[in-house]
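Structure file target-v4.txt; described as compact mmCIF, C-alpha atoms.
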# COMPACT_ATOMS: atom_id res chain seq x y z
CA MET A 1 137.80 94.55 111.32
CA LYS A 2 137.14 90.83 111.37
CA LYS A 3 136.78 89.44 107.86
CA VAL A 4 134.05 87.02 106.94
CA HIS A 5 134.58 83.97 104.78
CA VAL A 6 131.99 83.95 101.99
CA THR A 7 131.20 81.05 99.67
CA THR A 8 128.97 81.87 96.75
CA ASN A 9 128.27 80.93 93.16
CA VAL A 10 129.19 83.39 90.42
CA ASN A 11 128.25 82.58 86.82
CA GLY A 12 128.01 78.89 87.68
CA ASP A 13 131.36 78.69 89.47
CA GLN A 14 131.71 78.12 93.19
CA VAL A 15 133.93 80.90 94.56
CA GLU A 16 135.20 81.99 97.96
CA PHE A 17 136.52 85.26 99.29
CA LEU A 18 137.20 87.04 102.56
CA ALA A 19 135.07 90.14 102.95
CA ASP A 20 135.19 93.03 105.32
CA PRO A 21 131.50 93.13 106.31
CA ARG A 22 131.30 96.76 105.14
CA GLU A 23 132.35 95.86 101.61
CA THR A 24 129.66 95.79 98.96
CA LEU A 25 129.10 92.89 96.63
CA LEU A 26 130.34 95.22 93.88
CA ASP A 27 133.66 95.72 95.71
CA CYS A 28 133.96 91.99 96.30
CA LEU A 29 133.28 91.11 92.66
CA ARG A 30 135.81 93.64 91.40
CA ASN A 31 138.52 93.51 94.05
CA HIS A 32 138.43 89.95 95.38
CA LEU A 33 137.23 88.04 92.33
CA ASP A 34 138.74 90.29 89.63
CA LEU A 35 135.39 90.45 87.84
CA THR A 36 135.75 94.04 86.72
CA GLY A 37 133.02 93.94 84.07
CA THR A 38 130.55 95.11 86.71
CA LYS A 39 131.11 98.85 86.95
CA GLU A 40 130.84 101.34 89.78
CA GLY A 41 128.99 104.45 88.70
CA CYS A 42 127.27 106.25 91.56
CA GLY A 43 127.68 103.68 94.33
CA THR A 44 124.25 104.60 95.68
CA GLY A 45 121.83 102.59 93.57
CA ASP A 46 120.86 105.37 91.18
CA CYS A 47 122.73 104.52 87.96
CA GLY A 48 122.52 100.75 87.52
CA ALA A 49 126.08 100.36 86.18
CA CYS A 50 126.70 97.68 88.83
CA SER A 51 123.60 95.60 87.95
CA VAL A 52 123.86 91.86 88.59
CA THR A 53 121.31 89.20 89.39
CA LEU A 54 121.17 87.72 92.89
CA ASP A 55 119.26 84.42 92.97
CA GLY A 56 117.68 85.51 89.70
CA THR A 57 116.57 88.98 90.87
CA LEU A 58 118.04 92.09 89.28
CA VAL A 59 119.81 94.23 91.91
CA CYS A 60 122.45 96.92 92.17
CA SER A 61 125.52 95.15 93.53
CA CYS A 62 126.52 98.42 95.26
CA LEU A 63 123.40 98.02 97.44
CA VAL A 64 124.23 94.48 98.51
CA LEU A 65 126.94 93.59 101.00
CA GLY A 66 129.48 90.97 100.00
CA VAL A 67 128.62 88.99 103.13
CA GLU A 68 125.00 88.79 101.97
CA ALA A 69 126.15 86.74 98.97
CA GLU A 70 126.81 83.68 101.15
CA GLY A 71 125.12 80.68 99.55
CA LYS A 72 123.59 82.73 96.72
CA LYS A 73 123.75 82.53 92.94
CA ILE A 74 125.11 85.60 91.22
CA GLU A 75 125.14 86.31 87.50
CA THR A 76 127.37 89.07 86.13
CA ILE A 77 128.19 90.37 82.67
CA GLU A 78 131.13 87.95 82.51
CA GLY A 79 128.66 85.06 82.41
CA MET A 80 126.58 86.42 79.54
CA ALA A 81 128.51 85.16 76.51
CA SER A 82 128.84 81.39 76.40
CA ASP A 83 131.74 79.49 74.81
CA GLY A 84 133.02 82.61 73.11
CA GLU A 85 129.60 83.23 71.54
CA LEU A 86 128.07 86.62 72.29
CA HIS A 87 124.57 86.71 73.73
CA PRO A 88 122.03 88.07 71.19
CA LEU A 89 121.71 91.23 73.29
CA GLN A 90 125.46 91.79 73.14
CA ARG A 91 125.47 91.27 69.38
CA LYS A 92 122.52 93.60 68.85
CA PHE A 93 124.09 96.31 71.01
CA ILE A 94 127.08 96.24 68.67
CA GLU A 95 124.93 96.15 65.52
CA HIS A 96 122.76 99.07 66.66
CA ALA A 97 125.72 101.02 68.08
CA ALA A 98 123.78 101.08 71.35
CA LEU A 99 126.79 102.31 73.28
CA GLN A 100 129.24 105.14 73.14
CA CYS A 101 131.70 105.13 76.04
CA GLY A 102 130.45 101.71 77.15
CA PHE A 103 130.60 102.28 80.90
CA CYS A 104 126.88 101.73 81.45
CA THR A 105 126.74 98.85 78.95
CA PRO A 106 127.46 95.84 81.20
CA GLY A 107 124.76 96.94 83.64
CA ILE A 108 122.27 97.61 80.86
CA LEU A 109 122.95 94.23 79.24
CA VAL A 110 122.47 92.40 82.55
CA ALA A 111 119.27 94.38 83.20
CA ALA A 112 117.95 93.81 79.68
CA LYS A 113 118.66 90.07 79.89
CA SER A 114 116.77 89.96 83.18
CA LEU A 115 113.81 91.66 81.45
CA LEU A 116 113.79 89.22 78.52
CA ASP A 117 114.09 86.25 80.89
CA THR A 118 110.77 87.28 82.46
CA ASN A 119 109.10 88.95 79.48
CA PRO A 120 110.25 87.74 76.05
CA ASP A 121 108.10 90.28 74.19
CA PRO A 122 108.20 93.58 76.07
CA SER A 123 106.64 96.74 74.65
CA GLU A 124 108.80 99.80 74.14
CA SER A 125 107.39 101.40 77.27
CA GLU A 126 107.99 98.22 79.30
CA ILE A 127 111.60 98.29 78.15
CA ARG A 128 111.97 101.97 79.05
CA PHE A 129 110.43 101.51 82.51
CA TRP A 130 112.48 98.38 83.23
CA LEU A 131 115.69 100.16 82.27
CA ALA A 132 114.81 103.44 84.03
CA GLY A 133 117.37 102.59 86.71
CA ASN A 134 120.20 102.31 84.18
CA LEU A 135 121.62 105.69 83.32
CA CYS A 136 123.55 106.34 80.11
CA ARG A 137 125.22 109.74 80.13
CA CYS A 138 126.23 109.50 76.47
CA THR A 139 122.45 109.60 75.88
CA GLY A 140 122.10 106.49 73.82
CA TYR A 141 118.70 105.42 75.14
CA ASP A 142 116.92 105.20 71.81
CA LYS A 143 119.50 102.90 70.27
CA ILE A 144 119.54 100.84 73.46
CA VAL A 145 115.77 100.34 73.26
CA ARG A 146 115.98 99.39 69.56
CA ALA A 147 118.77 96.92 70.29
CA VAL A 148 116.75 95.29 73.08
CA GLN A 149 113.67 95.07 70.84
CA ASP A 150 115.70 93.53 68.03
CA ALA A 151 117.40 91.03 70.34
CA ALA A 152 114.04 90.08 71.83
CA ALA A 153 112.60 89.52 68.37
CA GLU A 154 115.56 87.36 67.37
CA MET A 155 115.36 85.35 70.58
CA ARG A 156 111.65 84.75 69.96
CA GLY A 157 112.52 83.57 66.47
CA ALA A 158 110.52 86.44 65.02
CA ALA A 159 113.31 88.31 63.26
CA MET B 160 131.21 97.05 112.29
CA ARG B 161 129.96 93.67 113.45
CA TYR B 162 127.63 91.81 111.09
CA HIS B 163 124.99 89.63 112.76
CA THR B 164 122.67 87.06 111.24
CA PRO B 165 120.14 86.18 113.96
CA THR B 166 117.63 83.45 113.21
CA SER B 167 114.75 84.84 115.27
CA PHE B 168 113.34 88.30 115.98
CA GLN B 169 113.81 87.73 119.71
CA GLU B 170 117.51 87.12 119.09
CA ALA B 171 117.69 90.25 116.91
CA SER B 172 115.93 92.23 119.63
CA ARG B 173 118.27 90.96 122.36
CA LEU B 174 121.30 91.82 120.22
CA ALA B 175 119.90 95.31 119.71
CA ALA B 176 119.03 95.78 123.39
CA ALA B 177 122.52 94.74 124.45
CA SER B 178 124.29 96.95 121.91
CA GLY B 179 126.04 100.02 123.21
CA GLY B 180 126.84 101.50 119.83
CA LEU B 181 125.13 102.64 116.66
CA LEU B 182 122.90 99.95 115.27
CA ARG B 183 121.13 99.36 111.98
CA TYR B 184 118.90 96.56 110.76
CA LEU B 185 119.48 95.22 107.27
CA ALA B 186 116.71 93.85 105.06
CA GLY B 187 116.74 95.31 101.53
CA GLY B 188 119.58 97.69 102.35
CA THR B 189 118.52 100.30 99.80
CA ASP B 190 118.60 103.06 102.41
CA VAL B 191 121.15 101.70 104.91
CA LEU B 192 123.87 100.99 102.35
CA VAL B 193 123.41 104.42 100.79
CA GLN B 194 123.76 106.05 104.23
CA MET B 195 126.84 103.96 104.99
CA ARG B 196 128.38 104.86 101.66
CA ALA B 197 127.71 108.57 102.19
CA GLY B 198 129.31 108.36 105.64
CA MET B 199 126.06 109.54 107.23
CA VAL B 200 125.80 106.34 109.27
CA GLN B 201 128.68 104.08 110.32
CA PRO B 202 126.99 101.32 112.30
CA ASP B 203 128.85 99.44 115.01
CA GLU B 204 126.34 96.62 114.69
CA LEU B 205 124.55 95.61 111.52
CA ILE B 206 121.78 93.07 112.08
CA ASP B 207 120.79 91.22 108.91
CA LEU B 208 117.19 90.04 109.33
CA LYS B 209 117.12 87.84 106.24
CA HIS B 210 118.20 84.67 108.04
CA ILE B 211 115.03 84.70 110.16
CA PRO B 212 112.49 82.13 108.92
CA GLY B 213 109.42 83.63 107.23
CA VAL B 214 110.80 87.07 106.40
CA PHE B 215 110.31 86.48 102.65
CA ASP B 216 106.75 85.14 103.04
CA ILE B 217 103.43 86.66 101.99
CA SER B 218 100.69 84.65 103.69
CA ARG B 219 96.96 84.79 104.35
CA THR B 220 95.97 85.40 107.94
CA ALA B 221 93.23 83.33 109.55
CA ASP B 222 90.72 86.19 109.14
CA GLY B 223 91.46 86.68 105.44
CA GLY B 224 94.01 89.49 105.69
CA TRP B 225 97.67 89.32 104.74
CA ARG B 226 100.89 89.01 106.65
CA ILE B 227 103.97 90.27 104.83
CA GLY B 228 107.50 89.44 105.93
CA VAL B 229 109.97 92.24 106.58
CA ALA B 230 112.32 91.22 103.75
CA VAL B 231 109.68 90.85 101.01
CA PRO B 232 110.86 93.17 98.23
CA GLY B 233 108.57 95.40 96.20
CA ARG B 234 108.95 93.19 93.19
CA ALA B 235 107.55 90.17 95.05
CA LEU B 236 104.54 92.21 96.17
CA GLY B 237 103.86 93.25 92.58
CA ALA B 238 104.15 89.65 91.39
CA HIS B 239 101.63 88.35 93.97
CA GLU B 240 98.32 88.27 92.12
CA ALA B 241 95.99 87.65 95.07
CA LEU B 242 97.60 90.42 97.14
CA CYS B 243 97.40 92.82 94.17
CA ARG B 244 93.71 91.97 93.77
CA ASP B 245 93.00 92.72 97.45
CA TRP B 246 95.24 95.75 97.99
CA PRO B 247 96.25 97.28 94.64
CA GLY B 248 96.81 100.68 96.25
CA VAL B 249 99.28 99.33 98.79
CA VAL B 250 101.20 97.48 96.10
CA GLU B 251 101.22 100.35 93.59
CA GLY B 252 102.64 102.66 96.27
CA MET B 253 105.51 100.30 97.04
CA ASN B 254 106.13 99.61 93.35
CA LEU B 255 106.74 103.33 92.75
CA VAL B 256 109.85 103.22 94.95
CA GLY B 257 113.02 103.39 92.86
CA SER B 258 114.10 101.35 89.87
CA THR B 259 113.69 97.70 88.89
CA GLN B 260 116.96 97.05 90.72
CA VAL B 261 115.73 98.78 93.88
CA GLN B 262 112.42 96.90 93.65
CA GLY B 263 114.42 93.68 93.82
CA ARG B 264 115.50 94.58 97.36
CA ALA B 265 113.50 97.43 98.91
CA THR B 266 110.88 96.52 101.52
CA LEU B 267 107.72 98.00 103.06
CA VAL B 268 109.21 98.01 106.55
CA GLY B 269 112.41 99.64 105.35
CA ASN B 270 110.42 102.35 103.61
CA LEU B 271 108.41 102.88 106.82
CA CYS B 272 111.35 102.88 109.23
CA ASN B 273 113.49 105.13 107.04
CA GLY B 274 111.00 107.72 108.22
CA SER B 275 110.73 109.83 105.08
CA PRO B 276 107.54 111.91 104.99
CA ALA B 277 107.53 111.22 101.24
CA ALA B 278 107.81 107.42 101.52
CA ASP B 279 105.59 106.14 98.72
CA SER B 280 104.47 102.90 100.38
CA VAL B 281 103.36 104.43 103.66
CA PRO B 282 100.16 106.35 102.73
CA GLY B 283 98.73 103.19 101.15
CA LEU B 284 99.49 101.16 104.28
CA VAL B 285 97.97 103.84 106.53
CA ALA B 286 94.84 104.10 104.38
CA ALA B 287 94.53 100.31 104.39
CA GLY B 288 94.59 100.26 108.20
CA ALA B 289 97.72 98.11 108.18
CA THR B 290 99.45 97.27 111.44
CA VAL B 291 102.98 96.18 112.25
CA THR B 292 104.16 93.70 114.84
CA VAL B 293 106.81 95.30 117.03
CA THR B 294 109.07 92.77 118.73
CA GLY B 295 111.01 93.78 121.82
CA PRO B 296 113.33 91.77 124.06
CA ASP B 297 110.46 90.51 126.21
CA SER B 298 107.26 90.77 124.21
CA SER B 299 105.57 91.79 120.98
CA ARG B 300 102.78 94.26 120.31
CA GLU B 301 100.74 95.44 117.33
CA MET B 302 100.95 99.09 116.32
CA PRO B 303 99.11 100.95 113.57
CA VAL B 304 101.45 101.96 110.76
CA GLU B 305 100.64 105.66 111.28
CA ALA B 306 102.03 105.46 114.84
CA ILE B 307 105.52 104.42 113.68
CA PRO B 308 106.96 107.59 112.10
CA THR B 309 107.27 110.45 114.58
CA ALA B 310 109.37 112.94 112.59
CA PRO B 311 111.53 112.88 109.46
CA GLY B 312 113.98 109.98 109.96
CA ARG B 313 112.55 109.10 113.38
CA THR B 314 110.29 106.31 114.56
CA ALA B 315 108.44 105.37 117.74
CA LEU B 316 110.51 102.20 118.09
CA LYS B 317 112.51 102.01 121.31
CA LYS B 318 115.95 100.56 121.81
CA GLY B 319 115.80 96.82 121.29
CA GLU B 320 112.54 96.99 119.35
CA LEU B 321 112.09 96.08 115.72
CA ILE B 322 109.25 95.41 113.32
CA SER B 323 108.78 91.71 112.64
CA ALA B 324 105.86 91.74 110.16
CA VAL B 325 103.24 93.87 108.41
CA THR B 326 99.60 92.84 108.61
CA LEU B 327 96.92 94.01 106.19
CA PRO B 328 93.31 93.57 107.30
CA PRO B 329 90.86 91.44 105.31
CA ARG B 330 89.84 93.28 102.15
CA GLY B 331 86.26 92.04 102.35
CA PRO B 332 83.71 92.46 99.56
CA ARG B 333 83.24 95.77 97.72
CA GLY B 334 86.37 97.50 98.85
CA GLY B 335 89.05 99.32 96.92
CA ASP B 336 92.18 101.35 97.48
CA ALA B 337 94.50 103.50 95.39
CA TYR B 338 97.67 105.57 95.71
CA LEU B 339 98.78 108.45 93.52
CA ARG B 340 101.77 110.72 93.77
CA PHE B 341 102.94 113.79 91.94
CA ILE B 342 106.47 113.90 90.59
CA PRO B 343 107.75 116.19 87.84
CA ARG B 344 108.87 113.25 85.72
CA THR B 345 107.52 109.79 84.94
CA GLU B 346 109.75 107.52 87.03
CA MET B 347 112.48 107.32 89.67
CA ASP B 348 111.67 110.37 91.73
CA ILE B 349 110.55 111.34 95.23
CA ALA B 350 106.91 112.25 95.83
CA VAL B 351 106.16 115.97 95.94
CA VAL B 352 102.72 114.98 97.23
CA GLY B 353 101.22 111.51 97.71
CA ALA B 354 97.61 110.52 98.44
CA ALA B 355 96.05 107.17 99.29
CA VAL B 356 92.36 106.38 99.65
CA ASN B 357 90.83 103.14 100.88
CA LEU B 358 87.07 102.67 101.02
CA THR B 359 84.29 100.11 101.21
CA LEU B 360 80.82 100.37 99.70
CA ASP B 361 77.31 99.60 100.85
CA GLY B 362 75.41 99.61 97.59
CA ASP B 363 76.71 102.67 95.75
CA ARG B 364 77.39 104.56 98.97
CA ILE B 365 80.71 104.72 100.75
CA ALA B 366 80.41 102.88 104.05
CA THR B 367 83.93 103.34 105.40
CA ALA B 368 86.93 105.29 104.19
CA ARG B 369 90.47 106.17 105.17
CA VAL B 370 92.51 108.89 103.49
CA ALA B 371 96.28 109.35 103.95
CA LEU B 372 98.58 112.03 102.61
CA GLY B 373 102.34 111.90 102.09
CA ALA B 374 105.03 114.59 101.71
CA VAL B 375 102.83 117.38 103.07
CA ALA B 376 103.83 117.21 106.76
CA PRO B 377 106.73 115.88 108.89
CA THR B 378 105.06 112.46 108.83
CA VAL B 379 102.49 110.73 106.65
CA LEU B 380 99.05 111.97 107.74
CA LEU B 381 95.86 110.02 108.34
CA VAL B 382 93.18 112.61 107.52
CA GLU B 383 89.92 111.77 109.26
CA GLU B 384 88.15 114.91 108.04
CA ALA B 385 88.84 113.87 104.45
CA ALA B 386 87.38 110.43 105.08
CA LYS B 387 84.29 111.93 106.72
CA ALA B 388 83.83 114.11 103.64
CA ILE B 389 83.02 111.10 101.48
CA ILE B 390 81.51 108.56 103.90
CA GLY B 391 77.81 108.15 103.11
CA SER B 392 78.16 109.67 99.65
CA THR B 393 78.18 108.10 96.20
CA LEU B 394 81.36 110.05 95.50
CA ASP B 395 79.41 112.69 93.61
CA ASP B 396 81.02 116.01 92.68
CA ALA B 397 80.01 117.66 95.95
CA ALA B 398 81.63 114.86 97.96
CA LEU B 399 84.78 115.06 95.85
CA ASP B 400 84.91 118.83 96.41
CA ARG B 401 84.60 118.32 100.18
CA LEU B 402 87.32 115.63 100.05
CA ALA B 403 89.68 117.89 98.14
CA ALA B 404 89.06 120.81 100.49
CA ALA B 405 89.58 118.66 103.61
CA SER B 406 92.77 117.17 102.18
CA SER B 407 94.18 120.55 101.24
CA ALA B 408 93.26 121.89 104.69
CA ALA B 409 95.11 119.04 106.39
CA ALA B 410 98.26 119.53 104.32
CA LYS B 411 100.95 121.39 106.28
CA PRO B 412 103.90 121.17 103.87
CA ILE B 413 107.15 123.04 103.53
CA SER B 414 108.46 124.74 100.42
CA ASP B 415 111.56 123.14 98.97
CA LYS B 416 113.22 122.65 95.60
CA ARG B 417 110.56 120.12 94.60
CA GLY B 418 107.47 122.15 95.37
CA THR B 419 106.07 125.17 97.14
CA VAL B 420 103.62 125.18 100.03
CA GLU B 421 100.87 126.54 97.77
CA PHE B 422 101.47 123.90 95.11
CA ARG B 423 101.53 121.02 97.57
CA VAL B 424 98.38 122.17 99.36
CA ASP B 425 96.51 122.36 96.08
CA VAL B 426 97.86 119.08 94.70
CA ALA B 427 97.00 117.23 97.94
CA GLY B 428 93.35 117.93 97.15
CA VAL B 429 93.68 117.04 93.48
CA LEU B 430 95.38 113.71 94.17
CA ALA B 431 92.99 112.75 96.99
CA ARG B 432 90.09 113.36 94.62
CA ARG B 433 91.64 111.26 91.84
CA ALA B 434 92.75 108.46 94.15
CA ALA B 435 89.25 108.31 95.67
CA GLN B 436 87.73 107.91 92.21
CA ILE B 437 90.11 105.05 91.40
CA ALA B 438 89.44 103.37 94.76
CA TYR B 439 85.68 103.78 94.24
CA ASP B 440 85.83 102.26 90.75
CA ARG B 441 87.92 99.39 92.06
CA ALA B 442 85.44 98.78 94.87
CA LYS B 443 82.63 98.62 92.31
CA GLY B 444 84.68 96.22 90.25
CA THR B 445 84.76 98.63 87.29
CA GLY B 446 88.31 99.92 87.83
CA LYS B 447 91.66 98.31 87.24
Translate this file's structure into structure tokens.
Amino acid sequence: MKKVHVTTNVNGDQVEFLADPRETLLDCLRNHLDLTGTKEGCGTGDCGACSVTLDGTLVCSCLVLGVEAEGKKIETIEGMASDGELHPLQRKFIEHAALQCGFCTPGILVAAKSLLDTNPDPSESEIRFWLAGNLCRCTGYDKIVRAVQDAAAEMRGAA
Amino acid sequence: MRYHTPTSFQEASRLAAASGGLLRYLAGGTDVLVQMRAGMVQPDELIDLKHIPGVFDISRTADGGWRIGVAVPGRALGAHEALCRDWPGVVEGMNLVGSTQVQGRATLVGNLCNGSPAADSVPGLVAAGATVTVTGPDSSREMPVEAIPTAPGRTALKKGELISAVTLPPRGPRGGDAYLRFIPRTEMDIAVVGAAVNLTLDGDRIATARVALGAVAPTVLLVEEAAKAIIGSTLDDAALDRLAAASSAAAKPISDKRGTVEFRVDVAGVLARRAAQIAYDRAKGTGK
């Protein structure tokens, strides 16, 4: 299988890798770039554990091919904290104990950040609909929603 | 698998026509990548259409309709205010497909060509009278959306042919459309029954109508008898009863784990009735 040279931008850094065209972006992030914060849950776009943004749009990286990343901008969980400072969502997830095993957490944080980037003051039902594609099998949804609400309030300067 | 990035539909068509192996087109990838992952489909050629100019565009046609590129994801449709004003039923159907993540990638043409009888965006397109441009190696032609699916997972497209755009007709004054589906939960599920109604008014009376049903036959159905049941009426109770009866009569579903024949036949009528009311209110400017 002929490999394809891919140049893309991940969390602000220009990166390159050689991809088998059948490999997903998720595989490329984890196996070629060692960015293992993005998790593989179902591999079929149902669980959201592999959520990243691609040119600013929230996607499942298991439903994107690595070769499609050529020339794009990708944001992953590794880019969320800046200079050792946790993002407010990350802090609030810890404060609210909005995780148990933590496997779904990177995907939910990336998805929640994408929501707050477009809607700084979402209602509870907007949060629940937006995150409907992120499954948590420890059943922590209520704490997740509270953590997102609290982070949103803090980011708006309302808390 | 060879990965191609043609920069025109003619080039994509020629690649497809010359291919001897299994071929798939890639736009949003939300079906193709799942099939590849499951081992159901191992393409020899994968043709990525996203390098073709215009595939992400939503543009007005000269006559006041809309032309939608094959890679426009559901999320972009939902964010387009003028399109949502003209064709809310088409957009709400597409926006029911999958999660936020899937909406970032999934496309109308992908939903159509996947060939599922339960595809949520297809009844709205059929009711709207949407057409698709089919590009072949030598020429292009327009086909009505309802002519594309021929059976579950099958389309009328021939080797070397692919869809290069979706066209919605001009909305015109006093028109409205709506799509409703039944699922046993609130989100992220496959339609047990879907119904779309598109109509225009002359005064309070329905001048034209199109009714489409999903998930009640091997393909999405355009139900002319259901449309006839409400044309000329003010959508009074008698007209709604006739619409529901005609819709239920047209439904030829199977029983499966998501619903029985009896349930789907009944719900086809219920949803057609409710969708017609929403479309009527939208046409009068009193609905959302």
Worksheet item: In Å to one decimal, how far is CA of Thr259 in chain B from CA of Glu346 in chain B?
Response: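 Going from CA of Glu346 in chain B over to CA of Thr259 in chain B, I get 10.7 Å.
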Distance table requested - chain A against chain B, cut-off 12 Å, all atoms listed in the file: one row per qualifying residue with the closest atom pair and its distance in Å to one decimal, ordered by chain and rising residue number, as CSV.
residue,atom,partner,partner_atom,distance
A:Met1,CA,B:Met160,CA,7.1
A:Lys2,CA,B:Arg161,CA,8.0
A:Lys3,CA,B:Arg161,CA,9.8
A:Val4,CA,B:Tyr162,CA,9.0
A:Ala19,CA,B:Tyr162,CA,11.2
A:Asp20,CA,B:Met160,CA,9.0
A:Pro21,CA,B:Tyr162,CA,6.3
A:Arg22,CA,B:Met160,CA,7.2
A:Glu23,CA,B:Arg196,CA,9.8
A:Thr24,CA,B:Leu192,CA,8.5
A:Leu25,CA,B:Leu192,CA,11.2
A:Cys42,CA,B:Val193,CA,10.2
A:Gly43,CA,B:Arg196,CA,7.5
A:Thr44,CA,B:Val193,CA,5.2
A:Gly45,CA,B:Val261,CA,7.2
A:Asp46,CA,B:Ser258,CA,8.0
A:Cys47,CA,B:Ser258,CA,9.4
A:Gly48,CA,B:Gln260,CA,7.4
A:Ala49,CA,B:Gln260,CA,10.7
A:Cys50,CA,B:Gln260,CA,9.9
A:Ser51,CA,B:Gln260,CA,7.3
A:Val52,CA,B:Gln260,CA,8.9
A:Thr53,CA,B:Gln260,CA,9.1
A:Leu54,CA,B:Gly263,CA,9.1
A:Asp55,CA,B:Gly263,CA,10.5
A:Gly56,CA,B:Gly263,CA,9.7
A:Thr57,CA,B:Gly263,CA,6.0
A:Leu58,CA,B:Gln260,CA,5.3
A:Val59,CA,B:Gln260,CA,4.2
A:Cys60,CA,B:Gln260,CA,5.7
A:Ser61,CA,B:Gln260,CA,9.2
A:Cys62,CA,B:Leu192,CA,8.0
A:Leu63,CA,B:Leu192,CA,5.8
A:Val64,CA,B:Gly188,CA,6.8
A:Leu65,CA,B:Leu192,CA,8.1
A:Gly66,CA,B:Tyr162,CA,11.3
A:Val67,CA,B:Tyr162,CA,8.5
A:Glu68,CA,B:Asp207,CA,8.5
A:Ala69,CA,B:Lys209,CA,11.6
A:Glu70,CA,B:His210,CA,11.1
A:Gly71,CA,B:His210,CA,11.7
A:Gly107,CA,B:Gln260,CA,10.5
A:Ile108,CA,B:Gln260,CA,11.2
A:Val110,CA,B:Gln260,CA,10.9
A:Ala111,CA,B:Gln260,CA,8.3
A:Ala112,CA,B:Thr259,CA,10.9
A:Ser114,CA,B:Thr259,CA,10.1
A:Leu115,CA,B:Thr259,CA,9.6
A:Thr118,CA,B:Ala238,CA,11.4
A:Ser125,CA,B:Thr345,CA,11.4
A:Glu126,CA,B:Thr259,CA,11.2
A:Ile127,CA,B:Thr259,CA,11.0
A:Arg128,CA,B:Glu346,CA,10.0
A:Phe129,CA,B:Glu346,CA,7.6
A:Trp130,CA,B:Thr259,CA,5.8
A:Leu131,CA,B:Thr259,CA,7.3
A:Ala132,CA,B:Ser258,CA,6.2
A:Gly133,CA,B:Ser258,CA,4.7
A:Asn134,CA,B:Ser258,CA,8.4
A:Leu135,CA,B:Ser258,CA,10.9
Expected residue set, 8 Å radius at (131.1, 99.5, 84.3), all atoms listed in the file, as a CSV table (one decimal) with C-alpha atoms, in the coordinates of the input:
chain,number,residue,atom,x,y,z
A,36,THR,CA,135.8,94.0,86.7
A,37,GLY,CA,133.0,93.9,84.1
A,38,THR,CA,130.6,95.1,86.7
A,39,LYS,CA,131.1,98.8,87.0
A,40,GLU,CA,130.8,101.3,89.8
A,41,GLY,CA,129.0,104.4,88.7
A,49,ALA,CA,126.1,100.4,86.2
A,50,CYS,CA,126.7,97.7,88.8
A,102,GLY,CA,130.4,101.7,77.2
A,103,PHE,CA,130.6,102.3,80.9
A,104,CYS,CA,126.9,101.7,81.4
A,105,THR,CA,126.7,98.8,79.0
A,106,PRO,CA,127.5,95.8,81.2
A,107,GLY,CA,124.8,96.9,83.6
Worksheet item: Pick the closest to Val231 in chain B from B:Asn273, B:Ser323, B:Thr166, B:Thr359: which is it, counting all atoms listed in the file?
Response: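 Among the listed residues, B:Ser323 lies closest to Val231 in chain B.
The residue that comes closest to Asp245 in chain B, out of B:Ala385, B:Leu327, B:Ile227, B:Val426 and on the basis of all atoms listed in the file, is B:Leu327.
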Worksheet item: Which is closest to Met155 in chain A among A:Thr7, A:Gln14, A:Asn119, A:Thr139, if we use only C-alpha atoms?
Response: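 When distances to Met155 in chain A are compared using only C-alpha atoms, the smallest one comes from A:Asn119.
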Item to complete: Please identify all polymer residues within 12 Å of Arg313 in chain B, counting only C-alpha atoms, omitting same-chain residues fewer than 4 positions from it, and present them as a list in words.
Response: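 Non-adjacent residues within range: Leu271, Cys272, Asn273, Gly274, Ser275, Pro276, Ala306, Ile307, Pro308, Thr309, Lys317, Pro377 and Thr378 of chain B.
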Fill in: Separation of CA of Glu320 in chain B from CA of Thr290 in chain B, in Å and rounded to one decimal
15.3 Å
Practice prompt. Give me the residues within 9 Å of Val424 in chain B as an MDAnalysis selection string, counting all atoms listed in the file and dropping any in the same chain fewer than 2 places off.
Written response: chainID B and resid 352 375 406:412 419:422 426:428
Restricting it to C-alpha atoms, dump the selection as a compact mmCIF listing (two decimals), in the coordinates of the input.
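Result file is again_30.txt:
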# COMPACT_ATOMS: atom_id res chain seq x y z
CA VAL B 352 102.72 114.98 97.23
CA VAL B 375 102.83 117.38 103.07
CA SER B 406 92.77 117.17 102.18
CA SER B 407 94.18 120.55 101.24
CA ALA B 408 93.26 121.89 104.69
CA ALA B 409 95.11 119.04 106.39
CA ALA B 410 98.26 119.53 104.32
CA LYS B 411 100.95 121.39 106.28
CA PRO B 412 103.90 121.17 103.87
CA THR B 419 106.07 125.17 97.14
CA VAL B 420 103.62 125.18 100.03
CA GLU B 421 100.87 126.54 97.77
CA PHE B 422 101.47 123.90 95.11
CA VAL B 426 97.86 119.08 94.70
CA ALA B 427 97.00 117.23 97.94
CA GLY B 428 93.35 117.93 97.15
Fill in: Pick from B:Val293, B:Met253, B:Leu321, B:Leu358, whichever lies nearest to Arg183 in chain B using all atoms listed in the file
B:Leu321
